[in-house]
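The file start30.csv contains CSV, C-alpha atoms and all ligand atoms:
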```csv
chain,number,residue,atom,x,y,z
U,1,MET,CA,110.6,150.8,110.6
U,2,ARG,CA,114.3,151.5,110.5
U,3,GLN,CA,114.9,150.2,114.0
U,4,PRO,CA,115.1,146.5,113.1
U,5,PHE,CA,118.0,147.1,110.7
U,6,ASN,CA,119.8,149.4,113.2
U,7,ASP,CA,119.6,146.6,115.8
U,8,ILE,CA,120.9,143.8,113.5
U,9,ALA,CA,123.3,145.8,111.3
U,10,HIS,CA,126.4,144.2,113.1
U,11,GLN,CA,125.0,140.7,112.4
U,12,TYR,CA,123.2,141.3,109.1
U,13,ASP,CA,125.6,139.6,106.7
U,14,LEU,CA,126.1,136.5,108.9
U,15,LEU,CA,122.3,136.2,109.3
U,16,ASN,CA,121.7,136.7,105.6
U,17,ASP,CA,124.1,133.8,104.9
U,18,LEU,CA,122.4,131.6,107.5
U,19,LEU,CA,118.8,132.3,106.5
U,20,SER,CA,119.4,131.8,102.7
U,21,PHE,CA,122.1,129.1,103.1
U,22,GLY,CA,124.4,131.5,101.2
U,23,THR,CA,122.2,131.5,98.1
U,24,HIS,CA,121.6,135.2,98.3
U,25,ARG,CA,125.1,135.7,96.9
U,26,PHE,CA,124.2,133.7,93.8
U,27,TRP,CA,120.9,135.6,93.3
U,28,LYS,CA,122.7,139.0,93.6
U,29,ARG,CA,125.4,138.0,91.1
U,30,ARG,CA,122.6,136.9,88.7
U,31,LEU,CA,120.7,140.2,89.1
U,32,VAL,CA,123.9,142.3,88.5
U,33,SER,CA,124.9,140.3,85.5
U,34,GLN,CA,121.4,140.5,83.9
U,35,LEU,CA,121.4,144.3,84.4
U,36,LEU,CA,124.9,144.8,83.0
U,37,ARG,CA,124.2,142.5,80.1
U,38,ALA,CA,121.1,144.6,79.2
U,39,LYS,CA,122.9,147.9,79.7
U,40,ILE,CA,126.5,147.5,78.6
U,41,CYS,CA,127.8,151.1,79.3
U,42,PRO,CA,125.6,152.5,82.0
U,43,GLY,CA,125.9,156.0,83.5
U,44,THR,CA,124.9,156.4,87.1
U,45,ILE,CA,123.9,153.2,89.0
U,46,LEU,CA,121.7,153.6,92.1
U,47,ASP,CA,121.5,150.7,94.6
U,48,ILE,CA,118.4,151.4,96.7
U,49,ALA,CA,118.1,149.8,100.1
U,50,THR,CA,121.8,148.9,99.7
U,51,GLY,CA,122.1,147.8,103.3
U,52,THR,CA,125.8,146.7,103.7
U,53,GLY,CA,126.4,147.2,100.0
U,54,ASP,CA,126.5,143.7,98.4
U,55,LEU,CA,124.9,144.8,95.1
U,56,ALA,CA,126.9,148.0,94.8
U,57,ALA,CA,130.1,146.0,95.3
U,58,LEU,CA,129.1,143.5,92.7
U,59,PHE,CA,128.5,146.3,90.2
U,60,SER,CA,132.0,147.8,91.1
U,61,ARG,CA,133.7,144.6,89.8
U,62,LYS,CA,132.7,145.8,86.3
U,63,ILE,CA,131.9,149.5,86.6
U,64,PRO,CA,134.0,152.3,88.1
U,65,PRO,CA,132.9,152.9,91.7
U,66,GLN,CA,132.6,156.7,91.1
U,67,VAL,CA,129.3,156.2,89.2
U,68,ILE,CA,127.8,153.8,91.8
U,69,ILE,CA,125.5,155.2,94.5
U,70,PRO,CA,124.7,152.9,97.4
U,71,LEU,CA,121.6,154.4,99.2
U,72,ASP,CA,119.9,153.4,102.4
U,73,PRO,CA,118.1,155.1,105.3
U,74,CYS,CA,120.0,153.0,107.9
U,75,GLY,CA,123.4,154.5,108.8
U,76,PRO,CA,124.6,151.5,110.8
U,77,MET,CA,124.0,149.2,107.9
U,78,MET,CA,125.9,151.5,105.6
U,79,ASP,CA,128.7,151.8,108.2
U,80,ARG,CA,129.2,148.1,107.9
U,81,GLY,CA,129.3,148.4,104.1
U,82,LYS,CA,131.9,151.2,104.3
U,83,ILE,CA,134.2,148.8,106.3
U,84,ARG,CA,133.5,145.9,103.9
U,85,PHE,CA,133.9,147.9,100.7
U,86,PRO,CA,136.1,150.9,101.3
U,87,HIS,CA,136.5,151.5,97.5
U,88,LEU,CA,132.8,152.5,97.2
U,89,GLN,CA,132.6,156.2,97.6
U,90,ASN,CA,129.1,157.6,97.3
U,91,TRP,CA,127.2,156.1,100.3
U,92,THR,CA,124.0,158.2,100.6
U,93,LEU,CA,121.6,158.3,103.4
U,94,GLY,CA,118.0,158.4,102.0
U,95,THR,CA,114.8,156.6,101.3
U,96,ALA,CA,113.3,155.3,98.1
U,97,GLU,CA,110.3,157.6,98.7
U,98,SER,CA,112.5,160.7,98.4
U,99,LEU,CA,115.6,160.1,96.3
U,100,PRO,CA,118.1,162.9,96.5
U,101,LEU,CA,118.9,162.8,92.8
U,102,GLY,CA,117.9,164.7,89.7
U,103,SER,CA,115.3,163.5,87.2
U,104,ALA,CA,116.4,161.1,84.5
U,105,SER,CA,119.9,161.0,86.0
U,106,VAL,CA,120.2,157.3,86.6
U,107,SER,CA,120.8,154.4,84.1
U,108,ILE,CA,120.2,151.5,86.4
U,109,ALA,CA,118.4,151.3,89.7
U,110,SER,CA,118.6,148.1,91.7
U,111,CYS,CA,117.0,146.9,94.9
U,112,ALA,CA,117.6,143.6,96.6
U,113,PHE,CA,115.1,142.6,99.3
U,114,GLY,CA,114.2,146.2,99.9
U,115,VAL,CA,110.9,146.9,98.2
U,116,ARG,CA,109.0,145.1,100.9
U,117,ASN,CA,110.4,147.6,103.4
U,118,PHE,CA,109.3,150.7,101.6
U,119,ARG,CA,106.8,152.6,103.7
U,120,GLU,CA,104.9,154.1,100.7
U,121,ARG,CA,105.5,151.8,97.7
U,122,GLU,CA,103.6,153.9,95.2
U,123,LYS,CA,105.6,157.0,96.1
U,124,ALA,CA,108.8,155.1,95.9
U,125,PHE,CA,108.0,153.7,92.5
U,126,GLU,CA,107.2,157.2,91.3
U,127,GLU,CA,110.5,158.4,92.6
U,128,ILE,CA,112.4,155.5,90.9
U,129,ALA,CA,110.7,156.3,87.6
U,130,ARG,CA,111.6,160.0,88.0
U,131,VAL,CA,115.3,159.4,88.5
U,132,LEU,CA,115.7,156.8,85.8
U,133,GLU,CA,116.4,157.9,82.3
U,134,PRO,CA,113.9,156.7,79.7
U,135,GLY,CA,115.0,153.2,78.8
U,136,GLY,CA,116.8,152.9,82.2
U,137,LEU,CA,116.5,149.7,84.1
U,138,PHE,CA,115.0,148.8,87.5
U,139,GLY,CA,116.1,145.4,88.8
U,140,THR,CA,114.7,143.8,91.9
U,141,LEU,CA,115.2,140.7,94.0
U,142,GLU,CA,112.3,140.0,96.4
U,143,ILE,CA,110.8,137.5,98.7
U,144,HIS,CA,107.1,137.1,98.0
U,145,PRO,CA,104.4,135.0,99.6
U,146,ILE,CA,103.7,131.9,97.5
U,147,SER,CA,100.4,130.2,96.6
U,148,GLU,CA,98.6,127.9,99.2
U,149,GLN,CA,99.4,124.8,97.1
U,150,LEU,CA,103.1,125.5,97.2
U,151,ARG,CA,103.3,126.1,100.9
U,152,TYR,CA,104.9,122.8,101.5
U,153,TRP,CA,107.0,122.1,104.6
U,154,PRO,CA,110.2,123.9,103.6
U,155,TYR,CA,108.2,127.1,103.2
U,156,ARG,CA,106.5,126.7,106.5
U,157,PHE,CA,109.7,125.7,108.2
U,158,PHE,CA,111.5,128.8,106.9
U,159,TRP,CA,108.9,131.3,108.1
U,160,ASN,CA,107.6,129.6,111.2
U,161,SER,CA,110.7,128.0,112.6
U,162,LEU,CA,114.0,129.1,111.0
U,163,VAL,CA,113.4,132.9,110.9
U,164,PRO,CA,112.1,133.1,114.5
U,165,GLY,CA,114.6,130.5,115.7
U,166,VAL,CA,117.6,132.5,114.3
U,167,GLY,CA,116.0,135.7,115.8
U,168,ARG,CA,116.0,134.0,119.2
U,169,LEU,CA,119.5,132.6,118.8
U,170,PHE,CA,120.8,136.1,118.1
U,171,ASN,CA,118.6,137.7,120.7
U,172,GLN,CA,116.8,139.7,118.0
U,173,LYS,CA,113.2,138.4,118.4
U,174,ALA,CA,111.5,141.7,117.4
U,175,ALA,CA,113.7,142.2,114.4
U,176,TYR,CA,113.0,138.8,113.1
U,177,GLU,CA,109.3,139.1,113.7
U,178,TYR,CA,109.5,142.2,111.5
U,179,LEU,CA,111.4,140.3,108.8
U,180,ARG,CA,108.8,137.5,108.9
U,181,ASP,CA,105.9,139.9,108.8
U,182,THR,CA,107.3,142.0,105.9
U,183,GLY,CA,108.3,138.9,104.0
U,184,ALA,CA,105.2,136.8,104.4
U,185,GLY,CA,102.8,139.8,104.2
U,186,PHE,CA,104.3,141.2,101.0
U,187,ILE,CA,102.5,141.4,97.6
U,188,SER,CA,102.7,138.8,94.9
U,189,PRO,CA,105.1,139.3,91.9
U,190,GLU,CA,102.0,139.8,89.7
U,191,ASP,CA,100.8,142.6,91.9
U,192,MET,CA,104.2,144.2,91.9
U,193,ILE,CA,104.3,144.1,88.1
U,194,LYS,CA,100.8,145.7,88.0
U,195,GLU,CA,101.9,148.5,90.4
U,196,LEU,CA,104.9,149.3,88.2
U,197,SER,CA,103.1,148.8,84.8
U,198,HIS,CA,102.2,152.5,84.6
U,199,ARG,CA,105.8,153.6,84.1
U,200,PHE,CA,107.7,150.4,83.5
U,201,GLU,CA,107.7,147.5,81.1
U,202,LEU,CA,108.6,144.1,82.5
U,203,LYS,CA,111.7,142.7,80.7
U,204,THR,CA,112.7,139.7,82.8
U,205,HIS,CA,110.9,137.7,85.5
U,206,GLU,CA,112.6,134.6,87.0
U,207,ASN,CA,111.5,132.5,89.9
U,208,LEU,CA,114.7,131.7,91.7
U,209,LEU,CA,113.2,129.6,94.5
U,210,ALA,CA,110.1,127.6,95.3
U,211,GLY,CA,107.7,128.6,92.6
U,212,GLY,CA,108.2,132.4,93.2
U,213,LEU,CA,109.2,132.6,96.8
U,214,VAL,CA,112.3,134.6,95.6
U,215,THR,CA,112.0,136.4,92.3
U,216,LEU,CA,114.3,138.4,90.1
U,217,MET,CA,112.6,141.0,87.9
U,218,VAL,CA,114.0,143.6,85.5
U,219,PHE,CA,111.8,146.5,84.4
U,220,GLU,CA,112.5,149.1,81.8
U,221,ARG,CA,111.5,152.7,82.3
U,222,LYS,CA,109.0,153.6,79.6
U,223,HIS,CA,109.6,156.6,77.4
U,224,GLU,CA,107.1,159.4,78.0
U,225,PRO,CA,104.7,159.6,75.0
U,226,ASN,CA,106.0,162.9,74.0
U,227,ASN,CA,109.6,161.7,74.3
U,228,LYS,CA,109.1,158.7,72.0
U,229,ASN,CA,111.0,158.7,68.8
B,1,LIG,C1,116.7,143.2,103.9
B,1,LIG,S1,117.7,144.6,103.9
B,1,LIG,C2,118.5,144.4,102.2
B,1,LIG,C3,119.9,145.0,102.2
B,1,LIG,C4,120.7,144.6,100.9
B,1,LIG,N1,120.0,145.2,99.7
B,1,LIG,C5,120.8,143.1,100.7
B,1,LIG,O1,120.2,142.5,99.9
B,1,LIG,O2,121.6,142.6,101.5
B,1,LIG,C6,116.6,145.9,103.6
B,1,LIG,C7,117.2,147.3,103.6
B,1,LIG,O3,116.1,148.2,103.3
B,1,LIG,C8,116.4,149.4,103.9
B,1,LIG,N2,115.1,150.3,103.9
B,1,LIG,C9,114.1,150.3,104.8
B,1,LIG,N3,113.2,151.2,104.4
B,1,LIG,C10,113.7,151.8,103.3
B,1,LIG,C11,113.2,152.8,102.4
B,1,LIG,N4,112.0,153.4,102.7
B,1,LIG,N5,113.9,153.1,101.3
B,1,LIG,C12,115.0,152.5,101.0
B,1,LIG,N6,115.5,151.5,101.8
B,1,LIG,C13,114.9,151.2,102.9
B,1,LIG,C14,116.8,149.0,105.3
B,1,LIG,O4,117.5,150.0,106.0
B,1,LIG,C15,117.7,147.8,105.0
B,1,LIG,O5,119.1,148.1,104.9
```

Could I get this file's structure written as structure tokens?
Amino acid sequence: MRQPFNDIAHQYDLLNDLLSFGTHRFWKRRLVSQLLRAKICPGTILDIATGTGDLAALFSRKIPPQVIIPLDPCGPMMDRGKIRFPHLQNWTLGTAESLPLGSASVSIASCAFGVRNFREREKAFEEIARVLEPGGLFGTLEIHPISEQLRYWPYRFFWNSLVPGVGRLFNQKAAYEYLRDTGAGFISPEDMIKELSHRFELKTHENLLAGGLVTLMVFERKHEPNNKN
């Protein structure tokens, strides 16, 4: 599953701009500002599935880079990030399913367009809950499938024509079939909230595009019952 991102790492940022018409930049800025508004002086910030480091770099506009950990299993994606953002220091190779961090050591975990790539979502959510301090925040941006009624022509055009078309244009057919399948086959925001509800409380849920095609969610790590004060 890492292969598609190895193959497209050198083109990823350009393709991201093309496929989202640049709007991913706005969505990412919005997620970071929501998280920093909710947690004004965070300790460690972990950006899971950081790719080429967009979210980590946005955090570093407000927070010292020493406390920001960009993490991804794909070396070539992070190599691009290291060139783009040389001031970020803590690039870490790893997966969400096995985070190389201590329990309750993170104040904010973020993940933009990464949850749908997790191989074992339940295990990854357990890990994220483990590393977050009680009251810590988990912020996500995701592409979800939308309901039948809302599948109007822009939605069909995006998944059936634009994504495969761009894949062909850049000679990356397999990678873009993977993107289409992980995007269109992902769970709904409601199911994601349900999966996280054991350990997290939903704080923010915004539909950023087309009735839920792109969503921004912020969850707060619940206190364990015996930690409650
Ligand atoms: C669509 S990219 C998103 C990159 C970046 N967050 C952004 O929004 O531009 C998805 C990223 O998820 C990473 N990924 C794949 N499987 C993962 C896993 N199990 N745990 C963490 N990240 C993973 C990929 O290597 C890739 O860099």

Check: Between U:Gly165, U:Gly135, U:Gly185, U:Pro4, which is the closest to ligand LIG 1 (chain B) once you count all atoms listed in the file?
Finding: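 Closest to ligand LIG 1 (chain B) of all the choices is U:Pro4.
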
Checklist line | Among the residues U:His223, U:His144, U:His87, U:Arg156, the one that comes closest to Ala56 of chain U [using all atoms listed in the file] | finding: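 Checking each of U:His223, U:His144, U:His87, U:Arg156 against Ala56 of chain U, counting all atoms listed in the file, the winner is U:His87.
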
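Atom N1 of ligand LIG 1 (chain B) sits 14.6 Å away from atom CA of Leu19 of chain U.
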
Check: Which residues form the shell of 7 Å around ligand LIG 1 (chain B) when you count only C-alpha atoms and all ligand atoms, given as a PyMOL selection string?
Finding: chain U and resi 1-2+5+48-55+72-74+77+94-97+111-114+117-119

Next item on the list: Give as a PyMOL selection string every residue, naming chains and numbers as the document does, that has an atom within 9 Å of (112.5, 135.7, 93.7), counting all atoms listed in the file.
Entry: chain U and resi 27+140-144+189+205-217

Notebook entry, point to check: With all atoms listed in the file as the basis for distance, which of U:Glu220, U:Glu195, U:Glu190, U:Asp181 is at the shortest distance from Arg121 of chain U?
Noted result: U:Glu195

Next item on the list: Please indicate the distance in Å from atom CA of Trp91 of chain U to atom CA of Gly167 of chain U, rounded to one decimal place.
Entry: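 Separation of atom CA of Trp91 of chain U and atom CA of Gly167 of chain U: 28.0 Å.
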
Next item on the list: Kindly give the distance, in Å, that separates atom CA of Gln89 of chain U and atom CA of Leu18 of chain U, rounded to a single decimal.
Entry: 28.4 Å

Notebook entry, point to check: Which one of U:Ala38, U:Val166, U:Ser98, U:Ser110 sits closest to Phe59 of chain U if you count all atoms listed in the file?
Noted result: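 Of the candidates, the smallest distance to Phe59 of chain U is held by U:Ser110.
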
Some atoms are absent from segment 17-28 of chain U, so rebuild all heavy atoms and return them as an mmCIF file, keeping the file's coordinate frame.
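Saved file selection-v3.cif follows:
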```cif
data_model
loop_
_atom_site.group_PDB
_atom_site.id
_atom_site.type_symbol
_atom_site.label_atom_id
_atom_site.label_comp_id
_atom_site.auth_asym_id
_atom_site.auth_seq_id
_atom_site.Cartn_x
_atom_site.Cartn_y
_atom_site.Cartn_z
ATOM 1 N N ASP U 17 123.493 135.044 105.331
ATOM 2 C CA ASP U 17 124.100 133.800 104.900
ATOM 3 C C ASP U 17 123.349 132.587 105.521
ATOM 4 O O ASP U 17 123.037 131.596 104.865
ATOM 5 C CB ASP U 17 125.565 133.697 105.210
ATOM 6 C CG ASP U 17 126.417 134.432 104.178
ATOM 7 O OD1 ASP U 17 125.969 134.578 103.028
ATOM 8 O OD2 ASP U 17 127.524 134.866 104.529
ATOM 9 N N LEU U 18 123.061 132.726 106.819
ATOM 10 C CA LEU U 18 122.400 131.600 107.500
ATOM 11 C C LEU U 18 121.001 131.381 106.987
ATOM 12 O O LEU U 18 120.619 130.256 106.675
ATOM 13 C CB LEU U 18 122.293 131.945 109.018
ATOM 14 C CG LEU U 18 123.509 131.722 109.882
ATOM 15 C CD1 LEU U 18 123.210 132.158 111.320
ATOM 16 C CD2 LEU U 18 123.885 130.234 109.883
ATOM 17 N N LEU U 19 120.244 132.466 106.843
ATOM 18 C CA LEU U 19 118.800 132.300 106.500
ATOM 19 C C LEU U 19 118.650 131.879 105.015
ATOM 20 O O LEU U 19 117.649 131.261 104.679
ATOM 21 C CB LEU U 19 118.070 133.632 106.703
ATOM 22 C CG LEU U 19 117.795 133.950 108.171
ATOM 23 C CD1 LEU U 19 117.208 135.343 108.308
ATOM 24 C CD2 LEU U 19 116.849 132.920 108.780
ATOM 25 N N SER U 20 119.601 132.227 104.163
ATOM 26 C CA SER U 20 119.400 131.800 102.700
ATOM 27 C C SER U 20 120.391 130.696 102.390
ATOM 28 O O SER U 20 120.494 130.330 101.227
ATOM 29 C CB SER U 20 119.727 133.048 101.842
ATOM 30 O OG SER U 20 121.112 133.335 101.818
ATOM 31 N N PHE U 21 121.082 130.147 103.390
ATOM 32 C CA PHE U 21 122.100 129.100 103.100
ATOM 33 C C PHE U 21 123.111 129.590 102.096
ATOM 34 O O PHE U 21 123.561 128.821 101.246
ATOM 35 C CB PHE U 21 121.455 127.783 102.722
ATOM 36 C CG PHE U 21 120.449 127.278 103.717
ATOM 37 C CD1 PHE U 21 119.090 127.404 103.490
ATOM 38 C CD2 PHE U 21 120.869 126.703 104.915
ATOM 39 C CE1 PHE U 21 118.163 126.969 104.425
ATOM 40 C CE2 PHE U 21 119.946 126.261 105.858
ATOM 41 C CZ PHE U 21 118.589 126.397 105.612
ATOM 42 N N GLY U 22 123.395 130.883 102.130
ATOM 43 C CA GLY U 22 124.400 131.500 101.200
ATOM 44 C C GLY U 22 123.887 131.756 99.817
ATOM 45 O O GLY U 22 124.597 132.358 99.013
ATOM 46 N N THR U 23 122.664 131.364 99.517
ATOM 47 C CA THR U 23 122.200 131.500 98.100
ATOM 48 C C THR U 23 121.960 132.939 97.701
ATOM 49 O O THR U 23 121.937 133.220 96.498
ATOM 50 C CB THR U 23 120.893 130.692 97.894
ATOM 51 O OG1 THR U 23 119.998 131.057 98.925
ATOM 52 C CG2 THR U 23 121.136 129.197 97.923
ATOM 53 N N HIS U 24 121.805 133.844 98.670
ATOM 54 C CA HIS U 24 121.600 135.200 98.300
ATOM 55 C C HIS U 24 122.748 135.775 97.437
ATOM 56 O O HIS U 24 122.579 136.634 96.588
ATOM 57 C CB HIS U 24 121.335 136.144 99.512
ATOM 58 C CG HIS U 24 122.562 136.377 100.335
ATOM 59 N ND1 HIS U 24 123.228 137.574 100.328
ATOM 60 C CD2 HIS U 24 123.256 135.571 101.167
ATOM 61 C CE1 HIS U 24 124.268 137.502 101.129
ATOM 62 N NE2 HIS U 24 124.307 136.296 101.663
ATOM 63 N N ARG U 25 123.935 135.197 97.659
ATOM 64 C CA ARG U 25 125.100 135.700 96.900
ATOM 65 C C ARG U 25 124.924 135.329 95.411
ATOM 66 O O ARG U 25 125.227 136.131 94.532
ATOM 67 C CB ARG U 25 126.377 134.962 97.390
ATOM 68 C CG ARG U 25 126.749 135.390 98.779
ATOM 69 C CD ARG U 25 127.711 134.399 99.392
ATOM 70 N NE ARG U 25 127.974 134.749 100.766
ATOM 71 C CZ ARG U 25 128.989 135.517 101.140
ATOM 72 N NH1 ARG U 25 129.835 135.983 100.255
ATOM 73 N NH2 ARG U 25 129.154 135.814 102.407
ATOM 74 N N PHE U 26 124.435 134.143 95.141
ATOM 75 C CA PHE U 26 124.200 133.700 93.800
ATOM 76 C C PHE U 26 123.112 134.588 93.126
ATOM 77 O O PHE U 26 123.239 135.065 91.995
ATOM 78 C CB PHE U 26 123.814 132.235 93.728
ATOM 79 C CG PHE U 26 123.120 131.813 92.477
ATOM 80 C CD1 PHE U 26 123.860 131.616 91.304
ATOM 81 C CD2 PHE U 26 121.747 131.637 92.438
ATOM 82 C CE1 PHE U 26 123.219 131.237 90.131
ATOM 83 C CE2 PHE U 26 121.102 131.266 91.271
ATOM 84 C CZ PHE U 26 121.845 131.077 90.109
ATOM 85 N N TRP U 27 122.013 134.806 93.883
ATOM 86 C CA TRP U 27 120.900 135.600 93.300
ATOM 87 C C TRP U 27 121.383 137.028 92.993
ATOM 88 O O TRP U 27 121.001 137.590 91.966
ATOM 89 C CB TRP U 27 119.747 135.702 94.333
ATOM 90 C CG TRP U 27 119.174 134.371 94.739
ATOM 91 C CD1 TRP U 27 119.153 133.215 94.003
ATOM 92 C CD2 TRP U 27 118.556 134.056 95.993
ATOM 93 N NE1 TRP U 27 118.560 132.219 94.716
ATOM 94 C CE2 TRP U 27 118.172 132.697 95.941
ATOM 95 C CE3 TRP U 27 118.265 134.782 97.148
ATOM 96 C CZ2 TRP U 27 117.523 132.054 96.999
ATOM 97 C CZ3 TRP U 27 117.619 134.154 98.202
ATOM 98 C CH2 TRP U 27 117.250 132.809 98.125
ATOM 99 N N LYS U 28 122.210 137.588 93.871
ATOM 100 C CA LYS U 28 122.700 139.000 93.600
ATOM 101 C C LYS U 28 123.600 139.039 92.427
ATOM 102 O O LYS U 28 123.493 139.958 91.619
ATOM 103 C CB LYS U 28 123.389 139.492 94.910
ATOM 104 C CG LYS U 28 122.399 139.806 96.031
ATOM 105 C CD LYS U 28 123.097 140.072 97.356
ATOM 106 C CE LYS U 28 122.067 140.403 98.426
ATOM 107 N NZ LYS U 28 122.624 140.394 99.776
#
```
